[in-house]
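Q: The structure under discussion is supplied below as structure tokens; questions concerning it will follow.
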Amino acid sequence: MSTTEGFKRHGNHSYIAEFASSEKEVLLNLCEQIIELLAERIDHGQEDPLAAMVGITSHDSPPEDEVLHRLLPNAYADQVDASEFRRYTESTLRAKKQANAISMRIHLKSSDDGIIDLDHDSANAWLGAINDIRLALGVRLKVENNSNEHLELLSPDDPLRGVYAVYTWMGWLQETLLSALIDDADDDESNIKI
């Protein structure tokens with residue numbers, strides 16, 4: 001899938017990658033799907049304006065969609081604790097994940113030449129968005145430990161082969177961005193004077 005070299009450091013706290021137009025379109029499509037998927041659940045029981053303002057919802061059960069359930073998992077094994085925690089955090093978590101995908105979309109849309117230049121905060125937003133996209137793809141593909149073996153068994157004309165290729169490419173892209181961020185952090189740490 002990749003014609004790029006992935007993300008590389010580009011000075012202090014700056015990271016750059018160049019995407020072919022086809023890669024850019026794939027990334028745009030995926031982040032737009034995540035943005036739509038994370039749209040807030042309608043909270044018909046919300047009567048309290050203060051609760052609405054701080055993001056407390058009446059939703060106390062996990063989403064029915066399996067991808068959303070993976071992106072917004074229960075925080076506790078105990079159902080009562082999980083329900084209470086979800087009421088206080090789901091809205092904020094959805095908003096954060098959606099903001100990451102929107103940041104990714106803005107960078108892609110504003111890049112005419114396919115070159116993406118990120119600062120530290122934007123790189124972290126991209127890292128979150130890429131992770132969410134991979135989780136969503138992984139759920140839809142039912143990725144497990146033996147998924148590479150399953151991919152090898154697919155016929156060359158199976159449409160899932162392309163989706164697995166995108167999933168693998170997204171993992172590689174995430175790895176290059178994470179490596180660039182770690183290199184930057186290592187340099188910052190080595191420059192600390194005692």
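Chains: A, B, ... in order of the structure tokens. Residues: from 1 per chain. Ligands: from 1, in order shown.
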Show me a table, sorted first by chain and then by increasing residue number, of the residues of stretch 98-138 of chain A having an atom at most 9 Å from stretch 59-72 of chain A, each with its shortest atom pair and the distance in Å to one decimal, counting only C-alpha atoms and written as a tab-separated table.
A:
residue	atom	partner	partner_atom	distance
A:Asp132	CA	A:Leu71	CA	6.7
A:Leu135	CA	A:Leu71	CA	7.1
A:Ala136	CA	A:Val67	CA	5.4
A:Leu137	CA	A:Val67	CA	8.3
A:Gly138	CA	A:Val67	CA	8.8
Q: Please, could you write that set of residues out with C-alpha atoms as a PDB file, in the first residue's frame?
A:
ATOM      1  CA  ASP A 132      -8.827   4.369  16.600  1.00  0.00           C
ATOM      2  CA  LEU A 135      -9.106  -0.642  16.237  1.00  0.00           C
ATOM      3  CA  ALA A 136     -12.201  -0.088  14.080  1.00  0.00           C
ATOM      4  CA  LEU A 137     -10.695  -1.969  11.131  1.00  0.00           C
ATOM      5  CA  GLY A 138      -9.506  -4.734  13.428  1.00  0.00           C
TER       6      GLY A 138
END
Q: Can you list every residue in stretch 86-159 of chain A that DSSP puts in alpha helix (DSSP H), as a ChimeraX atom specification?
A: /A:86-110,120-141,147-153,159
Q: How would you write, as a ChimeraX atom specification, the set of residues in stretch 20-191 of chain A that DSSP gives as strand (DSSP E)?
A: /A:115-119
Q: Separation of atom CA of A:Ile115 and atom CA of A:Thr176, in Å?
A: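 Computed distance, atom CA of A:Ile115 to atom CA of A:Thr176, equals 15.2 Å.
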Q: Using only C-alpha atoms, find the one residue out of A:Ile130, A:Cys31, A:Leu141, A:Ala180 that sits nearest to A:Gly6.
A: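 Once distances to A:Gly6 are computed over only C-alpha atoms, the minimum belongs to A:Ala180.
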Q: Determine, counting only C-alpha atoms, which protein, DNA and RNA residues have an atom within 10 Å of an atom of A:Asn131; residues of the same chain fewer than 6 positions away are not included. Present the result as a PyMOL selection string.
A: chain A and resi 71+97+125+137+170-171+174
Q: May I have the residues from that selection written out with N, CA and C atoms, as a compact mmCIF listing (two decimals), in the first residue's frame?
A:
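Output contents, as saved in out00.txt:
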# COMPACT_ATOMS: atom_id res chain seq x y z
N LEU A 71 -14.07 1.04 20.83
CA LEU A 71 -13.50 2.37 21.00
C LEU A 71 -13.88 3.00 22.34
N LYS A 97 -11.75 11.64 20.96
CA LYS A 97 -11.45 10.78 19.82
C LYS A 97 -11.89 11.44 18.51
N ALA A 125 -2.36 13.79 18.31
CA ALA A 125 -3.73 13.64 17.82
C ALA A 125 -3.78 12.62 16.69
N LEU A 137 -10.95 -0.99 12.20
CA LEU A 137 -10.69 -1.97 11.13
C LEU A 137 -10.49 -3.37 11.70
N MET A 170 -1.76 0.91 8.09
CA MET A 170 -2.04 1.83 9.19
C MET A 170 -1.17 1.49 10.40
N GLY A 171 -0.94 0.21 10.64
CA GLY A 171 -0.05 -0.19 11.74
C GLY A 171 1.37 0.29 11.52
N GLN A 174 1.48 4.07 11.99
CA GLN A 174 1.46 4.36 13.42
C GLN A 174 2.83 4.12 14.03
Q: Quick check, in Å to one decimal: how far apart do atom CA of A:Leu127 and atom CA of A:His10 lie?
A: 16.6 Å
